[in-house]
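Below is the file upload.cif, which contains mmCIF, C-alpha atoms.
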```
data_work
#
loop_
_atom_site.label_atom_id
_atom_site.label_comp_id
_atom_site.auth_asym_id
_atom_site.auth_seq_id
_atom_site.Cartn_x
_atom_site.Cartn_y
_atom_site.Cartn_z
CA MET A 3 -21.19 -8.86 28.30
CA THR A 4 -21.66 -6.86 25.11
CA ASP A 5 -19.66 -8.12 22.15
CA VAL A 6 -18.56 -4.69 21.10
CA THR A 7 -16.42 -5.76 18.16
CA ALA A 8 -19.39 -7.67 16.72
CA ALA A 9 -21.57 -4.61 17.25
CA LEU A 10 -19.01 -2.49 15.37
CA ALA A 11 -18.87 -5.02 12.54
CA ASP A 12 -22.65 -4.85 12.30
CA LEU A 13 -22.50 -1.05 12.30
CA ARG A 14 -19.82 -1.14 9.60
CA ALA A 15 -22.15 -3.14 7.37
CA SER A 16 -24.99 -0.72 7.98
CA LEU A 17 -23.36 2.67 7.53
CA ALA A 18 -24.37 4.99 4.73
CA TRP A 19 -20.92 4.88 3.13
CA PRO A 20 -20.20 7.40 0.36
CA ASP A 21 -21.68 6.50 -3.03
CA ASP A 22 -19.32 5.06 -5.59
CA ASP A 23 -20.60 7.23 -8.40
CA VAL A 24 -18.81 10.40 -7.30
CA ASP A 25 -15.41 10.82 -8.97
CA VAL A 26 -13.57 12.89 -6.37
CA THR A 27 -10.22 12.21 -8.02
CA ALA A 28 -11.35 13.81 -11.27
CA ARG A 29 -12.62 16.84 -9.40
CA ALA A 30 -9.32 17.21 -7.59
CA LEU A 31 -7.17 16.64 -10.67
CA ALA A 32 -9.00 19.44 -12.43
CA GLU A 33 -7.55 21.80 -9.83
CA LEU A 34 -3.96 20.69 -10.21
CA GLY A 35 -1.37 22.80 -11.93
CA PRO A 36 2.31 22.21 -12.59
CA ARG A 37 4.47 21.65 -9.58
CA ARG A 38 7.68 23.58 -9.18
CA GLY A 39 10.87 21.61 -9.17
CA ARG A 40 11.40 18.00 -9.93
CA PRO A 41 9.27 15.60 -7.93
CA ARG A 42 11.15 13.13 -5.79
CA TRP A 43 9.08 10.06 -5.03
CA PRO A 44 10.84 7.53 -2.96
CA TYR A 45 8.37 4.76 -3.49
CA VAL A 46 9.07 2.27 -0.83
CA ALA A 47 7.73 -0.80 0.60
CA ALA A 48 11.07 -1.54 2.11
CA ALA A 49 10.24 -0.79 5.71
CA ALA A 50 8.43 -4.08 6.09
CA ALA A 51 11.33 -5.87 4.48
CA VAL A 52 13.67 -4.46 7.07
CA ALA A 53 11.62 -5.93 9.84
CA ALA A 54 11.70 -9.32 8.17
CA ILE A 55 15.46 -9.51 7.98
CA GLY A 56 17.05 -11.57 10.69
CA ALA A 57 20.20 -10.48 12.46
CA GLY A 58 22.20 -13.62 12.03
CA VAL A 59 22.43 -13.91 8.29
CA PRO A 60 26.13 -13.62 7.29
CA VAL A 61 28.46 -12.91 4.45
CA ALA A 62 28.47 -11.43 0.97
CA ALA A 63 26.88 -8.15 1.81
CA HIS A 64 24.16 -6.95 -0.41
CA LEU A 65 22.44 -3.94 0.93
CA LEU A 66 18.74 -3.86 0.57
CA GLY A 67 17.61 -0.42 -0.49
CA VAL A 68 17.66 0.83 3.05
CA GLU A 69 20.69 2.32 4.65
CA GLY A 70 22.21 0.18 7.34
CA VAL A 71 20.40 -3.03 6.53
CA ARG A 72 22.74 -5.78 5.55
CA ILE A 73 21.54 -8.97 4.02
CA VAL A 74 23.90 -11.82 4.12
CA LEU A 75 23.99 -14.25 1.28
CA THR A 76 26.48 -17.05 1.11
CA GLY A 77 27.37 -18.94 -2.03
CA GLU A 78 24.29 -21.03 -1.51
CA VAL A 79 20.73 -19.85 -1.42
CA PRO A 80 19.43 -19.70 2.15
CA GLU A 81 16.16 -21.46 2.78
CA ASP A 82 14.54 -18.33 4.12
CA ILE A 83 15.62 -16.00 1.31
CA GLY A 84 12.04 -15.76 0.09
CA GLU A 85 10.93 -14.26 3.37
CA GLU A 86 14.01 -12.09 3.79
CA LEU A 87 13.74 -10.54 0.38
CA GLN A 88 9.95 -10.56 0.20
CA LEU A 89 9.86 -12.72 -2.87
CA GLY A 90 6.52 -14.28 -2.02
CA ARG A 91 5.50 -17.86 -1.35
CA PRO A 92 7.82 -20.77 -2.19
CA THR A 93 6.52 -22.58 -5.24
CA GLU A 94 7.41 -25.33 -7.71
CA LEU A 95 9.79 -24.57 -10.56
CA ARG A 96 7.87 -23.89 -13.74
CA GLU A 97 9.10 -26.04 -16.57
CA ASP A 98 8.29 -23.70 -19.41
CA GLU A 99 9.88 -20.47 -18.13
CA VAL A 100 12.64 -18.74 -20.04
CA ARG A 101 15.83 -18.50 -17.98
CA PRO A 102 19.56 -17.95 -18.56
CA PRO A 103 20.88 -21.35 -19.68
CA ALA A 104 24.33 -20.69 -18.23
CA LEU A 105 22.92 -20.61 -14.71
CA GLY A 106 21.39 -24.07 -14.82
CA ALA A 107 18.35 -24.93 -12.74
CA PRO A 108 17.25 -22.33 -10.18
CA ALA A 109 17.83 -23.12 -6.52
CA ALA A 110 14.41 -21.88 -5.50
CA ALA A 111 11.24 -20.34 -6.89
CA PHE A 112 8.66 -18.02 -5.36
CA GLU A 113 5.43 -16.40 -6.42
CA GLY A 114 3.13 -13.60 -5.43
CA ARG A 115 5.39 -10.59 -4.82
CA PRO A 116 4.55 -8.30 -6.49
CA ALA A 117 1.06 -9.46 -7.47
CA GLY A 118 1.18 -12.13 -10.12
CA ALA A 119 4.95 -12.42 -9.95
CA TYR A 120 7.08 -15.54 -10.34
CA THR A 121 10.69 -15.34 -9.12
CA GLU A 122 13.62 -17.69 -9.51
CA VAL A 123 16.81 -17.49 -7.46
CA TRP A 124 20.27 -18.87 -8.19
CA PRO A 125 23.32 -18.84 -5.92
CA GLY A 126 25.32 -15.66 -6.21
CA PRO A 127 22.63 -14.52 -5.91
CA VAL A 128 20.92 -13.92 -9.21
CA ILE A 129 17.24 -13.12 -8.91
CA VAL A 130 14.93 -13.03 -11.92
CA THR A 131 11.36 -11.92 -11.35
CA ARG A 132 8.61 -11.85 -13.95
CA PHE A 133 5.33 -10.08 -13.34
CA PRO A 134 2.43 -9.00 -15.53
CA GLY A 135 2.72 -5.40 -16.60
CA SER A 136 5.06 -3.04 -18.32
CA VAL A 137 7.67 -0.45 -17.57
CA GLU A 138 7.53 2.75 -19.51
CA GLU A 139 10.21 5.33 -19.93
CA GLN A 140 8.17 8.10 -18.40
CA LEU A 141 7.41 6.14 -15.25
CA ILE A 142 10.90 4.79 -14.87
CA GLU A 143 12.71 8.03 -15.52
CA LYS A 144 10.46 10.26 -13.53
CA ARG A 145 9.64 7.96 -10.69
CA VAL A 146 12.96 6.56 -9.61
CA PHE A 147 14.07 8.97 -7.00
CA ALA A 148 15.77 9.43 -3.67
CA GLY A 149 19.24 8.75 -4.92
CA GLY A 150 18.15 6.44 -7.70
CA THR A 151 19.62 6.52 -11.18
CA VAL A 152 18.40 5.29 -14.53
CA GLU A 153 20.36 4.32 -17.60
CA ARG A 154 18.53 3.36 -20.74
CA THR A 155 19.68 0.25 -22.54
CA SER A 156 18.04 -2.64 -24.40
CA VAL A 157 17.54 -6.36 -24.07
CA ASP A 158 17.24 -8.14 -27.38
CA GLY A 159 15.78 -5.00 -28.96
CA ASP A 160 13.33 -4.24 -26.16
CA ALA A 161 13.77 -1.03 -24.18
CA ALA A 162 15.39 -1.79 -20.85
CA TYR A 163 16.42 0.24 -17.83
CA TRP A 164 19.45 -0.23 -15.67
CA ILE A 165 18.35 1.32 -12.42
CA SER A 166 19.31 1.88 -8.88
CA ALA A 167 16.21 2.72 -6.91
CA PRO A 168 16.80 2.56 -3.19
CA HIS A 169 13.20 3.44 -2.55
CA GLY A 170 11.53 1.61 -5.38
CA PHE A 171 10.06 2.27 -8.76
CA LEU A 172 6.73 2.27 -10.56
CA TYR A 173 5.38 0.01 -13.25
CA LEU A 174 2.01 -0.39 -14.91
CA ASP A 175 0.08 -3.52 -14.07
CA GLU A 176 -2.21 -5.49 -16.40
CA ARG A 177 -4.98 -2.94 -15.94
CA GLY A 178 -2.69 0.00 -16.67
CA GLN A 179 -2.62 1.00 -13.02
CA ALA A 180 0.65 2.29 -11.58
CA GLN A 181 2.05 -0.04 -8.93
CA GLU A 182 5.01 0.25 -6.62
CA ASP A 183 7.81 -2.26 -6.45
CA THR A 184 11.22 -2.31 -4.83
CA LEU A 185 14.53 -3.86 -5.68
CA ARG A 186 15.46 -6.80 -3.50
CA LEU A 187 19.21 -6.29 -3.52
CA SER A 188 21.38 -3.23 -3.38
CA GLY A 189 23.21 -2.11 -6.43
CA ARG A 190 21.43 -2.17 -9.73
CA ALA A 191 18.70 -4.05 -11.48
CA LEU A 192 17.93 -4.55 -15.13
CA ILE A 193 14.25 -4.07 -15.90
CA TRP A 194 12.54 -4.62 -19.23
CA SER A 195 9.19 -5.67 -20.64
CA ARG A 196 8.32 -8.15 -23.33
CA ASP A 197 4.91 -9.38 -24.43
CA GLY A 198 3.10 -7.96 -21.43
CA ILE A 199 5.56 -9.34 -18.90
CA THR A 200 8.04 -7.22 -16.97
CA TYR A 201 11.35 -8.81 -16.05
CA ARG A 202 13.54 -7.70 -13.16
CA LEU A 203 17.05 -9.16 -13.05
CA GLU A 204 19.18 -8.49 -10.00
CA SER A 205 22.72 -9.68 -9.36
CA ASP A 206 26.15 -8.31 -8.69
CA ARG A 207 26.94 -8.17 -12.42
CA ASP A 208 27.70 -4.96 -14.30
CA LEU A 209 25.46 -3.63 -17.05
CA ALA A 210 27.04 -5.51 -19.95
CA ALA A 211 27.02 -8.81 -18.08
CA ALA A 212 23.45 -8.30 -16.91
CA VAL A 213 22.27 -7.55 -20.45
CA ALA A 214 24.12 -10.60 -21.77
CA LEU A 215 22.50 -12.76 -19.11
CA ALA A 216 19.08 -11.31 -19.89
CA GLU A 217 19.45 -11.79 -23.64
CA SER A 218 20.53 -15.39 -23.15
CA MET A 219 17.09 -16.07 -21.67
CA PHE A 220 15.50 -15.64 -25.09
CA GLY A 221 17.98 -17.69 -27.06
CA MET B 122 0.65 13.71 -13.20
CA ASP B 123 -0.70 10.54 -14.80
CA ALA B 124 1.11 8.31 -12.32
CA TYR B 125 -0.14 10.43 -9.42
CA ALA B 126 -3.68 10.25 -10.78
CA ALA B 127 -3.45 6.47 -11.12
CA LEU B 128 -2.23 6.03 -7.57
CA VAL B 129 -4.76 8.45 -6.13
CA ARG B 130 -7.62 6.81 -7.97
CA ALA B 131 -6.64 3.46 -6.49
CA CYS B 132 -6.79 5.00 -3.01
CA GLU B 133 -9.99 6.97 -3.55
CA PRO B 134 -12.51 4.51 -2.04
CA ALA B 135 -10.44 4.14 1.13
CA ALA B 136 -9.88 7.89 1.28
CA ARG B 137 -13.57 8.68 1.02
CA ARG B 138 -14.46 6.14 3.70
CA LEU B 139 -11.76 7.51 5.98
CA ALA B 140 -13.00 11.08 5.58
CA PHE B 141 -16.54 9.84 6.14
CA VAL B 142 -15.79 8.22 9.49
CA LEU B 143 -13.57 11.05 10.68
CA SER B 144 -15.66 14.01 9.63
CA GLY B 145 -19.09 12.76 8.62
CA GLN B 146 -20.31 15.57 6.41
CA GLU B 147 -18.20 17.17 3.70
CA ALA B 148 -16.14 14.01 3.42
CA ASP B 149 -15.70 14.34 -0.33
CA ASP B 150 -14.59 17.94 -0.03
CA ALA B 151 -11.94 16.84 2.46
CA VAL B 152 -10.71 14.12 0.09
CA GLN B 153 -10.63 16.51 -2.86
CA GLU B 154 -8.60 19.03 -0.90
CA ALA B 155 -6.27 16.30 0.35
CA ILE B 156 -5.56 15.10 -3.19
CA VAL B 157 -4.66 18.64 -4.21
CA LYS B 158 -2.46 19.10 -1.15
CA GLY B 159 -0.81 15.74 -1.78
CA TRP B 160 0.14 16.78 -5.29
CA TYR B 161 1.85 19.93 -4.08
CA SER B 162 3.50 18.06 -1.20
CA LEU B 163 5.06 15.22 -3.16
CA ASP B 164 8.55 16.49 -2.43
CA ARG B 165 7.92 15.73 1.22
CA PHE B 166 6.91 12.14 0.59
CA ARG B 167 9.87 10.31 2.07
CA GLY B 168 8.72 6.83 1.42
CA ASP B 169 8.73 5.73 5.04
CA ALA B 170 5.24 4.36 4.38
CA PRO B 171 3.46 3.15 1.26
CA PHE B 172 1.81 5.81 -0.88
CA ARG B 173 -1.68 4.81 0.25
CA ALA B 174 -0.90 5.42 3.93
CA TRP B 175 0.84 8.70 3.08
CA LEU B 176 -2.19 9.97 1.17
CA LEU B 177 -4.64 8.72 3.80
CA ARG B 178 -2.74 10.66 6.44
CA ILE B 179 -3.28 13.87 4.46
CA VAL B 180 -6.94 12.94 4.10
CA ALA B 181 -7.22 12.30 7.85
CA ASN B 182 -5.64 15.64 8.69
CA GLU B 183 -7.92 17.47 6.30
CA ALA B 184 -11.03 15.68 7.57
CA ARG B 185 -10.19 16.27 11.22
CA ASN B 186 -9.35 19.92 10.61
CA ARG B 187 -12.67 20.45 8.94
CA ARG B 188 -14.49 18.68 11.74
CA ARG B 189 -12.78 20.80 14.38
CA ALA B 190 -13.29 24.02 12.43
CA ALA B 191 -16.98 23.25 12.22
CA GLY B 192 -17.04 22.52 15.95
CA ARG B 193 -19.00 19.33 15.60
CA ARG B 194 -18.68 15.62 16.03
CA ALA B 195 -18.73 13.09 13.25
CA VAL B 196 -22.22 11.75 12.69
CA TYR B 197 -22.59 8.17 11.55
CA GLU B 198 -25.62 7.82 9.35
CA LEU B 199 -27.08 4.40 8.67
CA ARG B 200 -28.08 3.51 5.17
CA ALA B 201 -31.76 3.06 4.43
CA PRO B 202 -33.04 -0.51 4.83
CA ASP B 203 -33.04 -2.58 1.65
CA ALA B 204 -36.61 -2.47 0.38
CA ARG B 205 -36.16 -5.84 -1.35
CA VAL B 206 -35.74 -7.50 2.03
CA ALA B 207 -38.76 -7.56 4.27
CA PRO B 208 -37.82 -8.78 7.73
CA ALA B 209 -40.38 -8.81 10.51
CA ALA B 210 -41.09 -5.17 11.24
CA GLU B 211 -40.44 -5.45 14.96
CA SER B 212 -37.06 -7.18 14.68
CA ALA B 213 -35.98 -4.76 11.94
CA ALA B 214 -36.85 -1.82 14.13
CA LEU B 215 -34.95 -3.32 17.05
CA ALA B 216 -31.87 -3.95 14.93
CA THR B 217 -31.95 -0.42 13.57
CA ALA B 218 -32.33 1.04 17.06
CA GLU B 219 -29.40 -1.06 18.27
CA ARG B 220 -27.20 0.09 15.40
CA GLN B 221 -28.16 3.69 16.01
CA ALA B 222 -27.16 3.24 19.64
CA VAL B 223 -23.79 1.85 18.62
CA ALA B 224 -23.28 4.68 16.10
CA ALA B 225 -24.16 7.25 18.74
CA ALA B 226 -21.86 5.63 21.28
CA VAL B 227 -18.95 5.69 18.84
CA ALA B 228 -19.65 9.32 17.95
CA ALA B 229 -19.74 10.21 21.65
CA LEU B 230 -16.26 8.82 22.36
CA PRO B 231 -13.47 11.31 23.05
CA GLU B 232 -11.94 12.37 19.75
CA LYS B 233 -8.66 10.50 20.11
CA LEU B 234 -10.34 7.24 21.03
CA ARG B 235 -13.06 7.61 18.44
CA ASP B 236 -10.65 8.16 15.57
CA VAL B 237 -8.69 5.03 16.46
CA VAL B 238 -11.82 2.92 16.95
CA ALA B 239 -13.20 4.19 13.64
CA CYS B 240 -9.99 3.41 11.74
CA ARG B 241 -9.54 -0.02 13.30
CA HIS B 242 -13.13 -1.27 13.44
CA LEU B 243 -15.12 0.67 10.87
CA LEU B 244 -12.42 0.94 8.20
CA GLU B 245 -10.58 -2.24 9.21
CA LEU B 246 -7.17 -0.57 8.89
CA SER B 247 -4.27 -2.44 10.46
CA GLU B 248 -2.63 -1.10 13.61
CA ALA B 249 0.38 0.01 11.58
CA GLU B 250 -1.69 1.78 8.97
CA THR B 251 -3.86 3.42 11.62
CA ALA B 252 -0.69 4.66 13.30
CA THR B 253 0.59 6.18 10.07
CA VAL B 254 -2.74 7.66 9.09
CA LEU B 255 -3.38 9.26 12.49
CA GLY B 256 0.26 10.17 13.09
CA VAL B 257 0.63 8.33 16.41
CA PRO B 258 2.84 5.42 17.52
CA ALA B 259 1.53 1.89 17.04
CA GLY B 260 1.49 1.38 20.81
CA THR B 261 -0.80 4.36 21.15
CA VAL B 262 -3.15 2.88 18.58
CA LYS B 263 -3.30 -0.33 20.59
CA SER B 264 -3.97 1.38 23.91
CA ARG B 265 -6.51 3.84 22.52
CA SER B 266 -8.31 1.05 20.73
CA ALA B 267 -8.55 -0.96 23.95
CA ARG B 268 -9.77 2.05 25.93
CA GLY B 269 -12.23 2.99 23.22
CA LEU B 270 -13.71 -0.50 23.13
CA ASP B 271 -14.00 -0.55 26.92
CA ARG B 272 -15.87 2.72 26.91
CA LEU B 273 -18.14 1.56 24.14
CA ARG B 274 -18.89 -1.66 25.99
CA ASN B 275 -19.79 0.25 29.12
CA ALA B 276 -21.89 2.77 27.23
CA LEU B 277 -23.84 0.06 25.44
CA GLU B 278 -24.43 -1.93 28.62
CA VAL B 279 -25.73 1.17 30.38
CA GLU B 280 -27.95 1.75 27.37
CA ARG B 281 -29.41 -1.75 27.72
CA ASP B 282 -29.97 -1.44 31.45
#
```
Whole structure, structure tokens version:
Amino acid sequence: MTDVTAALADLRASLAWPDDDVDVTARALAELGPRRGRPRWPYVAAAAAVAAIGAGVPVAAHLLGVEGVRIVLTGEVPEDIGEELQLGRPTELREDEVRPPALGAPAAAFEGRPAGAYTEVWPGPVIVTRFPGSVEEQLIEKRVFAGGTVERTSVDGDAAYWISAPHGFLYLDERGQAQEDTLRLSGRALIWSRDGITYRLESDRDLAAAVALAESMFG
Amino acid sequence: MDAYAALVRACEPAARRLAFVLSGQEADDAVQEAIVKGWYSLDRFRGDAPFRAWLLRIVANEARNRRRAAGRRAVYELRAPDARVAPAAESAALATAERQAVAAAVAALPEKLRDVVACRHLLELSEAETATVLGVPAGTVKSRSARGLDRLRNALEVERD
């Protein structure tokens, strides 16, 4: 019997795929003019997160950025929170990370979501994620849409953004490429960059308390 | 526009390959037009799929429209053999003939089956991404893929007999 998938794989390797040296994007961008109205980009990766959320998780009600999806977090950190909130792979606590001293040792740590990220979780929950890259005012203010809001603030002198972004937001990665990310909890997140690292702090705290918590990380 | 350009550029290789397998010729023109249409359609991006899948769907529509307007099938051209490698002439000729037969069999599939087979097996898109890009339910992708592979298998076995 013919192994048709193997034959297709062989064909795939043999096709005369388009050359890499044609910059179609540049050609297209040269045609673009201003768009009318304010763009609304609900950047989401949340659909997959919805599928990952189990039905039986109870209590404190934090809505993920999708209407009707209820994540249940008790006073303790559930073992499967990493999967539910798409925090990445469980990993060892890193000794040398900055963290809010008042919270004590994190209950769990994860890595890999978004790329290069390291996330620590405390009961409450409080979630602090660090990933390589930066947030810039233009990206944050123009690319948080679909009901999202942005308030500019600062963390220890660094520009920071207090955002709600039900459908996500954009940041620049290490290569300067725009990447999508989503908030893991409902409500608001504090986002700021320092020394090439972007920090995302999510909890049920208000702005002042979130900023105080963030600033305590740096002594 | 800078953020749009950055995202589009990241998707460009996949977009050009998609247009290539769906339309064959004029693939780059289809991608260029899709990028322009995407820019002016951003207000309709609802975020029910990642940006890449949203843009690829516009590319797929543009490529398929162009293919239909031209009244032709996609043609899958093989790249020229690598001159640095010198396999036995007879076996190389056989392999090339076999690949050409597979390419022709894929191109001869009914449009709906061919597009799914091309997305799944030539572009290696996931079922979910294929569904978004082609605008059909995931179950349809699965069934069309299975039917497409069956037809290909039969066509290639007839070819050998």
Query raised in the report: Which residues, written as a list of chain:residue names, have at least one atom at most 8 Å from segment 10-16 of chain A, with only C-alpha atoms counted and residues fewer than 3 positions away on the same chain left out?
Result: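 So the residues in contact are A:Val6, A:Thr7, B:Leu199, B:Arg200, B:Arg220, B:Val223, B:Ala224, B:His242, B:Leu243, B:Leu244.
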Query raised in the report: Where does the PyMOL selection byres ((chain B and resi 256-268) around 8) land in this file, that is, which residues does it pick, as a list in words?
Result: Arg178, Lys233, Leu234, Val237, Val238, Arg241, Glu248, Ala249, Thr251, Ala252, Thr253, Val254, Leu255, Gly269, Leu270, Asp271 and Arg272 of chain B
Query - Residues within 7 Å of segment 198-215 of chain A, all atoms listed in the file, excluding chain neighbours under 6 positions, as a list in words - result: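 Residues meeting the cut-off are Pro102, Pro127, Val128, Ile129, Val130, Thr131, Arg132, Phe133, Pro134, Gly135, Ser136, Val137, Val157, Leu187, Arg190, Ala191 and Leu192 of chain A.
One finds atom CA of Ile179 of chain B at 5.6 Å from atom CA of Ala155 of chain B.
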Query raised in the report: At what distance in Å, to one decimal, does atom CA of Pro134 of chain B lie from atom CA of Leu31 of chain A?
Result: 15.8 Å
Requested in this report: Give me the result of the PyMOL selection byres ((chain A and resi 115-123) around 9) on this file, residue by residue, as JSON, numbers by chain.
Outcome: {"A": [79, 83, 88, 89, 90, 91, 93, 95, 101, 108, 109, 110, 111, 112, 113, 114, 124, 125, 126, 127, 128, 129, 130, 131, 132, 133, 134, 175, 181, 182, 183]}
Report task. Could you check how far atom CA of Glu33 of chain A sits from atom CA of Val157 of chain B, in Å to one decimal? Result -> 7.1 Å
**Report entry** Glu198 of chain B surroundings by all atoms listed in the file, 9 Å radius, close-in-sequence under 4 positions cut, as number ranges by chain
**Finding:** A: 16-19; B: 145, 221, 224
Using only C-alpha atoms, please write the residues we just selected to a file, as a PDB file, keeping the file's coordinate frame.
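File produced: result_10.pdb:
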```pdb
ATOM      1  CA  SER A  16     -24.990  -0.720   7.980  1.00  0.00           C
ATOM      2  CA  LEU A  17     -23.360   2.670   7.530  1.00  0.00           C
ATOM      3  CA  ALA A  18     -24.370   4.990   4.730  1.00  0.00           C
ATOM      4  CA  TRP A  19     -20.920   4.880   3.130  1.00  0.00           C
TER       5      TRP A  19
ATOM      6  CA  GLY B 145     -19.090  12.760   8.620  1.00  0.00           C
ATOM      7  CA  GLN B 221     -28.160   3.690  16.010  1.00  0.00           C
ATOM      8  CA  ALA B 224     -23.280   4.680  16.100  1.00  0.00           C
TER       9      ALA B 224
END
```
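Closest approach to chain A from the set B:Leu163, B:Leu177, B:Leu230, B:Ala216 is made by B:Leu163, with distances taken over all atoms listed in the file.
Among the candidate residues B:Arg189, B:Lys158, B:Arg173, B:Arg274, the one lying nearest to chain A is B:Arg274, with distances computed using only C-alpha atoms.
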